[in-house]
Amino acid sequence: MTIPDIFMNNPYFPQYVELVILLVGMFGLSFVVPSLRSLRTAAGVSLIFLPIVYFFALLVTYVSPVPFTDDYNLFETISKLHRAQDLASFCSALFEQVNQHRFAFERLVMLAMYYSTGTVSVPVLVFIGNLFMLGVLLLIYLIFKSERIHWHYFIPVPYMLFNLVYSENAYWGIAAIQNTPLIFMAFLSVYGLSRSGRGGWFLGFFAALVTTFISGSGLLTWIIGALFLAFKRKYKRLVVWVMLTIAVVIFYFTYDYTIIQSDNESVLRHPFYNLLLLWGFWGNALYLNVPHPLVNYFHADMVWCAVLGFVFTIILLFWLLRIVTMPKLTWTFWFLLGAAMFIMGTGAMFVISRPSGGFFMYGGAIFSRRYMIFGVVLLALMYTCVLVMLKKSPRGLLVSGVLSFLGVISLHFCSYYLTLVDLRQSYESLALDGYYWREYNTFLTQGDKYGDVPFWNHPTRMKQLMEAISEDGISKVNVAPSAENFLNFAKHNTAQRPFLGEFKVRSEVRTDWTNLASDFLTLEASPLGAEQVKYFVLKDSTHTLLLPAVPKPLDWWSMFLQNRYYSDTYQYGLYRMKLPASNRSYAVWLVTNDDQYWNTNKSLNIH
C-alpha cells in the first residue's frame, strides 16, 4: 500500500496531534522526572523530524499531476525551448519575461527533467521545490550551532517552516519551484557573503545570480551584497560586485524586456494603510485559512498579522543596535540581518507594486496563500534573532523558547486542521480538468467564469498549447478513470437508485480577491448508509457537469472523540458563475466510490 492510499481518505491528523503532544509531554517530563531523562534526546529528535515527515507524506498524497494556471505558461516555454532552432530563439525562450520576472531557473529545472525523463512531472517539480525548505532549515540550524544555543531551542523551527499556512506555495508546481528556491538561494548568497574568504564571495555571487533569474525580487540580493561588502570595508570586492551588479541589471532590463506600467496609485496616497499592509505581509504567518470578505469587514487575524509585523520591526531595530554595541560581529549577525532584509524587502516590493486602496482589510493579492511562505520564514528568523540576543540570560531564553513553541505548535495544528480539506478538494478538482477540457474546452479549476481558460481566454492559444505539450510529451491532461467509468455507466444505464439521505444547496454572497460580490454555492450530501460519495452530477439537456464530493471535516471535539478528521457529510463549493446557465433546471445526481448512480430527486436553477 502506497502513501497516497494511506492518507488520501484519512490524513490521520488527530493521531499526528496526539503523537506530537505525547512527545512534548515526554520531553518536558524528562527534565523533572529522573527516570525519563534517558528519553529526552529521542523525544527531542523525534519532535524535530516528525513535522517534516508528516509534511512530505501529505505532499506525496495530495499533489496532483495535473498542471494549474501559471504552470501552463512554463510548459509553453519548455515546448519553445525544445523546438528552438538556434541559440537566439533558445535564449529568448529561456529568459522570456513574465510580468516583471524572468523564470530562467524554473525553466532549466523543467527542461532538465524533460530531457532526462521525457516529461515534466508536476509532483516531482513540487517535491524538488519543497526540498529547498530543508536547506533553509539547515542554514538556521548552523546559526544555533555557531552561537552555541542548545539544540532543544531548535525544536520549534520545523513547526514554523513545515506547515500548511503556505499551502498554495507547497502544492502548486510553479509556486513551489519558484518561491522556496528563491528564499533558499537568497539566503545562500547572504550566507556566502557573511563568511570571510574568497570562497564565500564566489558563493554569494553565484547564488545571487541564480536568485535573480528565479524571481524579480532576487535583485535585492545584489543590494544586500553591496551593503555587506561596504560595511565590512571589502572595497576591492565591492567594486567588482557593483560592476557585476550593473551588468546583470542592464541585461535583465534590456534583453527583450518591456517595462510594465502599473495603474496602481502611489503608496504615499494612503501611507498608514500601506504601512499596515507591509506589517501584515511580514506577519502573515498568522493569516488563517478562512473566508476573508473584502468589503468593510473586520478580520482579527489580519490585525494580528500587522501586530506581529510591527513586533518584527522592533526586533530588527534591536538587532541593528548590535552594530554599535558589539565589539565584534560574527557571520551569524550578518546572515540573519541579510536574510531578514531580503524577506522584508520582498514584502516592501509587493506593497509598492500592489498598494492598498485605502482599506487595510482589503489585502488583495498580497495575502494570496502562496506568499505566506515569506512570513513563515521571517517568523523563524526573528525567533532565532531573539534567542541569540537572550542567550546570556538562561531564564529569558527558557521563557522565550517555551512560549514560542506553545504558540507555534498551536499555529501549526490550526494550519493543518483548516487546510487539509482544501488540499483534498484541490486534488479532486484538478483530477476533473481533463474531463472538462475534453468535453467543454474549459477547466473546472481555472478562471472566474464557466468557459475560462489560461492566457486570458485567448481563442486559440490554449488549444495549440495543449496539442503541443501532448505531442512533445511534456504533459498530458487525461480524463480521470473514475470520470470515464461514470460516463460509460451513464450511457448504458438510465435507471438510478433513489438517494437515501439528505441533500441541500446553500447560497451565500462572497467576495473574491477582485473585491466583487458574487453568489457562492455549496452542495452538501449526507448519506444514511455507508456510501462514500465521489461526485455531484448536475445534468441538463446539454451539460453533464461533474463536481467532486469532498468529505467535510469534523469539529475539533468530534475529531478527537472519533479519532478521524473527516465526517460522513460530503460537500463542494464554487461560485455560481462557474456553472453554465441553463434554460432548464439541472437534475442533481450522486456517484459513489463503487460507481453507483443515485438520484437525489432535487434540481438546481442556474440563470
# chains A, B, ... in the order shown; residues from 1 in each chain; ligands from 1

call {"tool": "select_by_dssp", "arguments": {"residues": "region 404-592 of chain A", "states": "helix (DSSP H, G or I)", "output": "JSON, numbers by chain"}}
result
{"A": [404, 405, 406, 407, 408, 409, 410, 411, 412, 413, 414, 415, 416, 417, 418, 419, 420, 421, 422, 423, 424, 425, 426, 427, 428, 429, 430, 433, 434, 435, 436, 437, 438, 439, 440, 461, 462, 463, 464, 465, 466, 467, 468, 469, 470, 471, 472, 481, 482, 483, 484, 485, 486, 487, 488, 489, 490, 491, 492, 556, 557, 558, 559, 560, 561, 562, 576, 577, 578]}

call {"tool": "residues_around", "arguments": {"residues": "Phe310 (chain A)", "least_positions_apart": "4", "cutoff": "9 Å", "atoms": "only C-alpha atoms", "output": "list in words"}}
result
Leu276, Trp279, Gly280, Trp282, Gly283, Cys305, Ala306, Ile314 and Ile315 of chain A

call {"tool": "residues_around", "arguments": {"residues": "Ala175 (chain A)", "least_positions_apart": "3", "cutoff": "10 Å", "atoms": "only C-alpha atoms", "output": "ChimeraX atom specification"}}
result
/A:70-71,106,125-126,129-130,168-172,178-181,370-371

call {"tool": "residues_around", "arguments": {"residues": "region 347-357 of chain A", "least_positions_apart": "5", "cutoff": "10 Å", "atoms": "only C-alpha atoms", "output": "mmCIF file with C-alpha atoms, in the first residue's frame"}}
result
data_model
loop_
_atom_site.group_PDB
_atom_site.id
_atom_site.type_symbol
_atom_site.label_atom_id
_atom_site.label_comp_id
_atom_site.auth_asym_id
_atom_site.auth_seq_id
_atom_site.Cartn_x
_atom_site.Cartn_y
_atom_site.Cartn_z
ATOM 1 C CA GLY A 216 12.243 39.622 -9.768
ATOM 2 C CA SER A 217 12.759 40.161 -6.041
ATOM 3 C CA LEU A 220 17.505 42.526 -3.803
ATOM 4 C CA SER A 262 1.108 49.916 -13.369
ATOM 5 C CA ASP A 263 -2.145 51.806 -12.971
ATOM 6 C CA ASN A 264 -1.992 51.427 -9.180
ATOM 7 C CA GLU A 265 -1.896 54.588 -7.134
ATOM 8 C CA SER A 266 1.170 55.594 -5.131
ATOM 9 C CA VAL A 267 1.746 54.029 -1.713
ATOM 10 C CA LEU A 268 2.009 57.603 -0.399
ATOM 11 C CA ARG A 269 -1.667 58.152 -1.173
ATOM 12 C CA HIS A 270 -2.562 56.051 1.881
ATOM 13 C CA PRO A 271 0.700 55.746 3.856
ATOM 14 C CA PHE A 272 -0.883 54.451 7.077
ATOM 15 C CA TYR A 273 -2.887 51.708 5.376
ATOM 16 C CA ASN A 274 0.115 50.666 3.311
ATOM 17 C CA LEU A 275 2.315 50.553 6.405
ATOM 18 C CA LEU A 276 -0.268 48.243 7.966
ATOM 19 C CA LEU A 277 -0.256 46.229 4.761
ATOM 20 C CA LEU A 278 3.522 45.906 4.935
ATOM 21 C CA TRP A 279 3.432 44.819 8.570
ATOM 22 C CA GLY A 280 0.611 42.443 7.695
ATOM 23 C CA PHE A 281 2.715 40.844 4.967
ATOM 24 C CA TRP A 282 5.676 40.433 7.314
ATOM 25 C CA MET A 341 16.350 42.272 4.782
ATOM 26 C CA PHE A 342 15.540 40.035 1.824
ATOM 27 C CA TYR A 362 -8.735 44.637 1.581
ATOM 28 C CA GLY A 363 -5.434 42.800 1.427
ATOM 29 C CA GLY A 364 -5.905 41.753 -2.182
ATOM 30 C CA ALA A 365 -3.360 39.558 -3.929
ATOM 31 C CA ILE A 366 -0.686 40.292 -1.303
ATOM 32 C CA TYR A 371 3.027 34.319 -0.308
ATOM 33 C CA PHE A 374 7.723 34.618 3.319
ATOM 34 C CA GLY A 375 6.035 35.336 6.644
#

call {"tool": "residues_around", "arguments": {"residues": "Leu444 (chain A)", "least_positions_apart": "5", "cutoff": "8 Å", "atoms": "only C-alpha atoms", "output": "PyMOL selection string"}}
result
chain A and resi 429-430+432-433+436+450+578

call {"tool": "residues_around", "arguments": {"residues": "Leu111 (chain A)", "least_positions_apart": "2", "cutoff": "8 Å", "atoms": "only C-alpha atoms", "output": "PyMOL selection string"}}
result
chain A and resi 78+81+107-109+113-115+120

call {"tool": "write_last_selection", "arguments": {"atoms": "N, CA and C atoms", "output": "PDB file, in the first residue's frame"}}
result
ATOM      1  N   ILE A  78       8.756  25.480 -22.166  1.00  0.00           N
ATOM      2  CA  ILE A  78       9.533  24.253 -22.363  1.00  0.00           C
ATOM      3  C   ILE A  78       9.344  23.744 -23.787  1.00  0.00           C
ATOM      4  N   LEU A  81      11.527  25.915 -25.924  1.00  0.00           N
ATOM      5  CA  LEU A  81      12.933  25.572 -25.770  1.00  0.00           C
ATOM      6  C   LEU A  81      13.259  24.284 -26.508  1.00  0.00           C
ATOM      7  N   ARG A 107      12.720  27.212 -15.618  1.00  0.00           N
ATOM      8  CA  ARG A 107      12.702  26.597 -16.947  1.00  0.00           C
ATOM      9  C   ARG A 107      13.835  25.595 -17.115  1.00  0.00           C
ATOM     10  N   LEU A 108      15.009  25.911 -16.586  1.00  0.00           N
ATOM     11  CA  LEU A 108      16.122  24.978 -16.690  1.00  0.00           C
ATOM     12  C   LEU A 108      15.856  23.708 -15.894  1.00  0.00           C
ATOM     13  N   VAL A 109      15.249  23.849 -14.725  1.00  0.00           N
ATOM     14  CA  VAL A 109      14.894  22.662 -13.933  1.00  0.00           C
ATOM     15  C   VAL A 109      13.909  21.784 -14.704  1.00  0.00           C
ATOM     16  N   MET A 113      14.451  18.048 -16.392  1.00  0.00           N
ATOM     17  CA  MET A 113      13.528  16.955 -16.101  1.00  0.00           C
ATOM     18  C   MET A 113      12.969  16.362 -17.394  1.00  0.00           C
ATOM     19  N   TYR A 114      12.654  17.232 -18.339  1.00  0.00           N
ATOM     20  CA  TYR A 114      12.075  16.765 -19.596  1.00  0.00           C
ATOM     21  C   TYR A 114      13.064  15.910 -20.392  1.00  0.00           C
ATOM     22  N   TYR A 115      14.326  16.367 -20.481  1.00  0.00           N
ATOM     23  CA  TYR A 115      15.311  15.627 -21.269  1.00  0.00           C
ATOM     24  C   TYR A 115      15.788  14.359 -20.557  1.00  0.00           C
ATOM     25  N   VAL A 120       7.487  16.321 -17.988  1.00  0.00           N
ATOM     26  CA  VAL A 120       7.630  17.216 -16.834  1.00  0.00           C
ATOM     27  C   VAL A 120       6.561  16.830 -15.823  1.00  0.00           C
TER      28      VAL A 120
END

call {"tool": "residues_around", "arguments": {"residues": "Thr61 (chain A)", "least_positions_apart": "4", "cutoff": "7 Å", "atoms": "only C-alpha atoms", "output": "mmCIF file with N, CA, C and O atoms, in the first residue's frame"}}
result
data_model
loop_
_atom_site.group_PDB
_atom_site.id
_atom_site.type_symbol
_atom_site.label_atom_id
_atom_site.label_comp_id
_atom_site.auth_asym_id
_atom_site.auth_seq_id
_atom_site.Cartn_x
_atom_site.Cartn_y
_atom_site.Cartn_z
ATOM 1 N N ILE A 3 1.788 5.487 0.069
ATOM 2 C CA ILE A 3 1.443 6.596 0.966
ATOM 3 C C ILE A 3 0.136 7.270 0.558
ATOM 4 O O ILE A 3 -0.715 7.551 1.419
ATOM 5 N N PRO A 4 -0.101 7.572 -0.748
ATOM 6 C CA PRO A 4 -1.396 8.162 -1.127
ATOM 7 C C PRO A 4 -2.578 7.289 -0.744
ATOM 8 O O PRO A 4 -3.629 7.814 -0.362
ATOM 9 N N PHE A 7 -3.153 7.945 3.101
ATOM 10 C CA PHE A 7 -3.527 9.264 3.599
ATOM 11 C C PHE A 7 -4.647 9.952 2.825
ATOM 12 O O PHE A 7 -5.179 10.948 3.299
ATOM 13 N N MET A 8 -5.033 9.465 1.650
ATOM 14 C CA MET A 8 -5.995 10.197 0.839
ATOM 15 C C MET A 8 -7.337 10.338 1.550
ATOM 16 O O MET A 8 -7.890 11.438 1.651
ATOM 17 N N ALA A 57 4.777 13.451 3.668
ATOM 18 C CA ALA A 57 3.823 12.357 3.433
ATOM 19 C C ALA A 57 2.537 12.901 2.818
ATOM 20 O O ALA A 57 1.990 12.322 1.869
#

call {"tool": "closest_residue", "arguments": {"among": "A:Ile183, A:Pro291, A:Arg102, A:Val388", "to": "Arg322 (chain A)", "atoms": "only C-alpha atoms"}}
result
A:Val388

call {"tool": "closest_atom_pairs", "arguments": {"of": "region 225-305 of chain A", "to": "region 419-428 of chain A", "cutoff": "12 Å", "atoms": "only C-alpha atoms", "output": "Markdown table"}}
result
| residue | atom | partner | partner_atom | distance |
| --- | --- | --- | --- | --- |
| A:Leu288 | CA | A:Thr419 | CA | 9.3 |
| A:Asn289 | CA | A:Thr419 | CA | 6.6 |
| A:Val290 | CA | A:Thr419 | CA | 9.0 |
| A:Pro291 | CA | A:Thr419 | CA | 11.9 |

call {"tool": "write_last_selection", "arguments": {"atoms": "N, CA, C and O atoms", "output": "compact mmCIF listing (two decimals), in the first residue's frame"}}
result
# COMPACT_ATOMS: atom_id res chain seq x y z
N LEU A 288 -5.13 33.17 8.79
CA LEU A 288 -5.87 31.91 8.87
C LEU A 288 -6.50 31.55 7.53
O LEU A 288 -6.85 32.43 6.74
N ASN A 289 -6.67 30.27 7.31
CA ASN A 289 -7.29 29.78 6.08
C ASN A 289 -8.81 29.73 6.25
O ASN A 289 -9.41 28.65 6.33
N VAL A 290 -9.41 30.90 6.33
CA VAL A 290 -10.86 31.04 6.45
C VAL A 290 -11.30 32.09 5.43
O VAL A 290 -10.48 32.90 4.97
N PRO A 291 -12.58 32.11 5.04
CA PRO A 291 -13.02 33.13 4.08
C PRO A 291 -12.78 34.54 4.61
O PRO A 291 -13.04 34.83 5.77

call {"tool": "select_by_dssp", "arguments": {"residues": "region 44-270 of chain A", "states": "strand (DSSP E)", "output": "PDB file with C-alpha atoms, in the first residue's frame"}}
result
ATOM      1  CA  GLN A  97       9.553  37.890 -19.451  1.00  0.00           C
ATOM      2  CA  VAL A  98       6.538  37.020 -17.284  1.00  0.00           C
ATOM      3  CA  HIS A 101      10.092  38.234 -13.739  1.00  0.00           C
ATOM      4  CA  ARG A 102      12.478  36.070 -15.741  1.00  0.00           C
TER       5      ARG A 102
END

call {"tool": "atom_distance", "arguments": {"atom1": "CA of Asp540 (chain A)", "atom2": "CA of Trp589 (chain A)"}}
result
11.1 Å

call {"tool": "closest_atom_pairs", "arguments": {"of": "region 101-171 of chain A", "to": "region 326-334 of chain A", "cutoff": "8 Å", "atoms": "only C-alpha atoms", "output": "Markdown table"}}
result
| residue | atom | partner | partner_atom | distance |
| --- | --- | --- | --- | --- |
| A:Ile143 | CA | A:Thr332 | CA | 5.9 |
| A:Ser146 | CA | A:Thr332 | CA | 7.5 |
| A:Glu147 | CA | A:Thr332 | CA | 7.7 |

call {"tool": "atom_distance", "arguments": {"atom1": "CA of Ser482 (chain A)", "atom2": "CA of Val591 (chain A)"}}
result
9.8 Å

call {"tool": "atom_distance", "arguments": {"atom1": "CA of Phe184 (chain A)", "atom2": "CA of Leu219 (chain A)"}}
result
14.3 Å

call {"tool": "decode", "arguments": {"residues": "region 427-466 of chain A", "atoms": "C-alpha atoms", "output": "compact mmCIF listing (two decimals), in the first residue's frame"}}
result
# COMPACT_ATOMS: atom_id res chain seq x y z
CA TYR A 427 -6.68 17.38 -5.77
CA GLU A 428 -10.16 16.12 -6.69
CA SER A 429 -10.97 19.27 -8.70
CA LEU A 430 -7.77 19.11 -10.73
CA ALA A 431 -8.50 15.45 -11.48
CA LEU A 432 -11.60 16.63 -13.37
CA ASP A 433 -9.82 19.22 -15.53
CA GLY A 434 -9.16 16.59 -18.17
CA TYR A 435 -12.89 15.80 -18.34
CA TYR A 436 -13.89 19.46 -18.68
CA TRP A 437 -11.23 20.09 -21.31
CA ARG A 438 -12.24 17.16 -23.46
CA GLU A 439 -15.97 17.74 -23.15
CA TYR A 440 -16.25 21.54 -22.95
CA ASN A 441 -12.81 23.06 -23.73
CA THR A 442 -12.56 24.66 -20.30
CA PHE A 443 -11.28 23.78 -16.84
CA LEU A 444 -13.01 23.38 -13.51
CA THR A 445 -10.09 24.89 -11.60
CA GLN A 446 -9.29 27.91 -13.78
CA GLY A 447 -10.83 31.33 -14.10
CA ASP A 448 -13.77 33.09 -12.52
CA LYS A 449 -16.47 32.09 -15.02
CA TYR A 450 -17.52 28.96 -16.84
CA GLY A 451 -15.54 28.66 -20.06
CA ASP A 452 -12.44 30.47 -18.80
CA VAL A 453 -9.02 29.13 -19.81
CA PRO A 454 -5.47 30.37 -19.14
CA PHE A 455 -3.90 33.12 -21.26
CA TRP A 456 -6.85 35.44 -20.70
CA ASN A 457 -9.27 33.31 -22.76
CA HIS A 458 -7.30 33.66 -25.97
CA PRO A 459 -9.40 31.88 -28.64
CA THR A 460 -6.66 29.52 -29.90
CA ARG A 461 -3.53 29.76 -27.74
CA MET A 462 -4.61 27.21 -25.10
CA LYS A 463 -5.76 24.66 -27.68
CA GLN A 464 -2.47 24.95 -29.55
CA LEU A 465 -0.53 24.66 -26.31
CA MET A 466 -2.41 21.54 -25.17
